[in-house]
Amino acid sequence: MELRVEGLEEIVKAAVKQAVWELNATKPPKSDGVRLWMNKTQAAEYIGISRQVLDGLISEGLPTSKLSAGRYVLNKHDIDDWLKKRA
């Protein structure tokens, strides 16, 4: 049995867009003032490096999630874990 939902792709895109908007609109946690999900500029600031250096780290395997339109988001815990492994 195959389940077919008309417009499923559009529904999924809308849900992802809403989730990203909510992540960006959410205030950072008060504990350390850092968002759980960050764009590349925020991630570079978090690490204390330039965007160009961040791009180099991404090419070396720093975990990212690529959204539509070529935007990347990075997870704070993934950044911390990846940097600890490299130390």
# chains A, B, ... in the order shown; residues from 1 in each chain; ligands from 1

$ residues_around --residues "stretch 77-86 of chain A" --least-positions-apart "2" --cutoff "8 Å" --atoms "only C-alpha atoms" --output "short mmCIF file (atom, residue, chain, number, x, y, z; two decimals) with N, CA, C and O atoms, in the first residue's frame"
data_model
loop_
_atom_site.label_atom_id
_atom_site.label_comp_id
_atom_site.auth_asym_id
_atom_site.auth_seq_id
_atom_site.Cartn_x
_atom_site.Cartn_y
_atom_site.Cartn_z
N LEU A 36 21.27 27.36 20.32
CA LEU A 36 21.55 25.96 20.02
C LEU A 36 21.89 25.81 18.54
O LEU A 36 22.80 25.09 18.17
N LEU A 62 33.63 19.88 9.84
CA LEU A 62 32.77 20.43 10.89
C LEU A 62 31.32 20.20 10.48
O LEU A 62 30.91 20.59 9.39
N PRO A 63 30.53 19.53 11.32
CA PRO A 63 29.15 19.18 10.95
C PRO A 63 28.26 20.41 10.73
O PRO A 63 28.28 21.35 11.53
N LEU A 74 24.52 25.49 12.07
CA LEU A 74 25.42 24.65 12.84
C LEU A 74 24.86 24.51 14.25
O LEU A 74 24.34 25.47 14.81
N ASN A 75 25.01 23.32 14.80
CA ASN A 75 24.51 23.03 16.13
C ASN A 75 25.63 23.25 17.14
O ASN A 75 26.76 22.77 16.94
#

$ atom_distance --atom1 "atom CA of A:Glu9" --atom2 "atom CA of A:Thr64"
22.3 Å
